[in-house]
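Asks: Can you read through this structure? Questions will come right after.
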Amino acid sequence: MKLLPFIWRDQGKGLSPNTWTYFRKAFFWDETKEALIDFAADPTARIYINGKVVLTRIMRFVSPHITVEKIDLRPYLKPGGNVIVVLHHYWGVRTFQRSSLGCPGIAIKGALAQTSGEWRWKQAAEFVAHSHQTIGGGTYRIRFPVVLDGRLIELSIHEYAYDDSGWDKAVTRSSPEWIDPVVKETPPLVRETFSPRKVVAVGTVSTSNLKQAPTPLVPMSWLVKTGNYKCDPSRATAVEHLCNNGIENTVLEPGPDGYMTFDFGKPRHGYVTIVVEDASPGTILDFTHAELRWNLHKNEPALKEDGSFDPELILGGPCGDRVILAGGAQTIEIPDERTFRWLMVTWRGALSPIKVKRIVLMSSRYPTPEIGSFSAGSKDVSQLIDLCLDHARVTMSDVYVDTPGREDAQWLEDIQYRAQLAAQWMGDYRLRQVTLRHAVEQQADNGRFRVFAPENFEQRGLQSLDWGMVWIGLLYDDWIWTGETQNLKRYFPNLVRFLEVAHTQTNEDGLLIDRTCLSDIRCAARARFDEGEIESIPNAWYYGFLRQAIVIAKELREKKQARLWQQQAVRVRHAFGRFLILSGQHLKVGEVWSPRSGARGWGQAAAVSSVFYELLEEQ
């Protein structure tokens, strides 16, 4: 495959950020014809056949190549006339992982259908235009709050008889980025419906003055943060039906703004879907999300007794989604992924009762058959294991995405442990091997790894030295759990290049003083390098991964490298003692060492890192 038939709205790039576009093509099919297609999109899109979702989202734009998903459309086709519709989402902005987009578009290639100038497009009018990108931790995410006006949805575009002659003709384009596409190596994500486990609270909310909102077009999370909540079960009837797969309707009462908070029981990831039997047109439903019950930073509940929470606590703001209902019966799926455990639904401006049949999450996750099991006498331990597995299932989507509801890249910093779970419990080694190769393919000329590969941010990416070191652990684990040395041999030169760079970032005692290290991000004390201070967390990692590199070198009979790395590891272990203080019978690990005042900062990450990499034995 050398070139994809790539189409877009026009030849130009002058398009506002956060734009949604429909592409449509009607075609005939008989059961003797092949129904396999290659599908690609930049930056992201979903595909429908005859109104049914075939693929919730494809993205994975790996610079400089586009990524292709192979799809069998046969389960969605019918003999005769069929319709394929693609909903494309154009970001048009940079994020902390991706540079501004260059060549948006979609491509389909196959005997059944192929994108060309015969396709038609129109702007998806139901998505209210705004440019408010979610910002968290001072950086832009790839998420925009969705504001969807259900009154403007045209379901008939999915019907074969629909007349799209009023739509514009698509334009074929060419770009080096669409040449030599890469076939996606992971299986398609699976969809599964999850209902809430329970209703946490129902009540009335006194809404703040919208004129004071910093982002009036997308005020959802601000309204939740600044609202006053009062529990009142009479604001909704038969709420238990929403936790029982919608056997009967739940009625949300009109009048003042009301709210209902759901608990889905565990972290979930996917697409919020609501099925409404009846509502007055113009009624607003706001959806906001939470992941934590307890705020460890402030040492206070994140989920309050009245069922409210700060939806910007984890993600940043603005966030949340809004659906403006049409009159009568309707089903709406918000076509952007979200990750949460708690979901708050706030209804605003209801002039008549809202009859709701279902509020569910349509999951989108990597298929994970379990081959391992675990049981313990302790209920707490069993719950912890279940939580870890749930986290692994969620983050395996598209190869260990850190937080798939808001980011789309492989975070080397904490990916190793998810890979272990996937291998031991789901028997999946391929994801780890894809991650290893993606990092190697984007290893910089200076020897460093991009810690969010595959990505194209400023064409060089973030190259934090300590997070990049986790790649060594992935390589070591892959060998330990598969017994195969093929990847060790293939990637050993990359390992040597990386550690050569690491060694140049040490002081006279062999300790890392690299200023790019992120350690525990904002949770740990940070060194004042200009005053000669040093951090313990990256040095604990450095020692641990050096030891694994030594074992790899010995396995490959690279004696010279093993000897050099062993000498470096001995120096690190000896010098690491400056971070340790004996307090009574307890050994404390400082996050930072200062030449003036010694060790300081006593966070959990420093202690855990030192214990995990065996730096406290015989110290």
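How things are named: the first chain in the structure tokens is A, the next is B, and so on; residues count from 1 in each chain; ligands count from 1 in the order shown.
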Looking only at strand (DSSP E) from DSSP on the backbone, list the matching residues of range 21-128 of chain A as a count of residues only.

Replies: 55

Asks: Any idea what's packed within 6 Å of range 365-377 of chain A, counting only C-alpha atoms, ignoring anything in its chain fewer than 6 positions away? Could you give it as a list of chain:residue names?

Replies: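 Skipping anything fewer than 6 positions along the chain leaves A:Leu189, A:Val190, A:Met396, A:Ser397, A:Trp425, A:Met426.
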
Asks: Could you write those residues out with N, CA and C atoms, as a PDB file, in the first residue's frame?

Replies:
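out-v1.pdb, written as the output of this step:
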ATOM      1  N   LEU A 189     -11.162  -1.888  18.936  1.00  0.00           N
ATOM      2  CA  LEU A 189     -11.717  -1.773  20.284  1.00  0.00           C
ATOM      3  C   LEU A 189     -13.147  -2.302  20.291  1.00  0.00           C
ATOM      4  N   VAL A 190     -13.546  -2.875  21.407  1.00  0.00           N
ATOM      5  CA  VAL A 190     -14.876  -3.468  21.515  1.00  0.00           C
ATOM      6  C   VAL A 190     -15.815  -2.515  22.247  1.00  0.00           C
ATOM      7  N   MET A 396      -5.283   0.002  28.304  1.00  0.00           N
ATOM      8  CA  MET A 396      -4.750  -0.779  27.190  1.00  0.00           C
ATOM      9  C   MET A 396      -5.262  -0.261  25.854  1.00  0.00           C
ATOM     10  N   SER A 397      -6.361   0.492  25.870  1.00  0.00           N
ATOM     11  CA  SER A 397      -6.932   0.994  24.633  1.00  0.00           C
ATOM     12  C   SER A 397      -5.872   1.741  23.836  1.00  0.00           C
ATOM     13  N   TRP A 425      -2.104 -11.389  33.122  1.00  0.00           N
ATOM     14  CA  TRP A 425      -3.529 -11.662  33.322  1.00  0.00           C
ATOM     15  C   TRP A 425      -4.286 -11.839  32.016  1.00  0.00           C
ATOM     16  N   MET A 426      -3.802 -11.188  30.956  1.00  0.00           N
ATOM     17  CA  MET A 426      -4.497 -11.272  29.680  1.00  0.00           C
ATOM     18  C   MET A 426      -3.677 -11.980  28.605  1.00  0.00           C
TER      19      MET A 426
END

Asks: Find the residue from A:His132, A:Lys109, A:Arg57, A:Arg151 that sits nearest to Asn18 in chain A; use only C-alpha atoms when measuring.

Replies: A:His132

Asks: Using CA of Gln433 in chain A and CA of Asp477 in chain A as the two end points, give the distance in Å to one decimal.

Replies: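 It comes out at 10.3 Å.
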
Asks: Show which residues sit within 12 Å of Trp294 in chain A, as a ChimeraX atom specification. Count only C-alpha atoms, and ignore same-chain residues fewer than 3 positions away.

Replies: /A:290-291,297-305,309-310,313-314

Asks: Tell me which of A:Pro219, A:Gly270, A:Gly255, A:Gly473 sits closest to Thr193 in chain A, counting only C-alpha atoms.

Replies: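 Nearest candidate to Thr193 in chain A out of A:Pro219, A:Gly270, A:Gly255, A:Gly473: A:Gly270.
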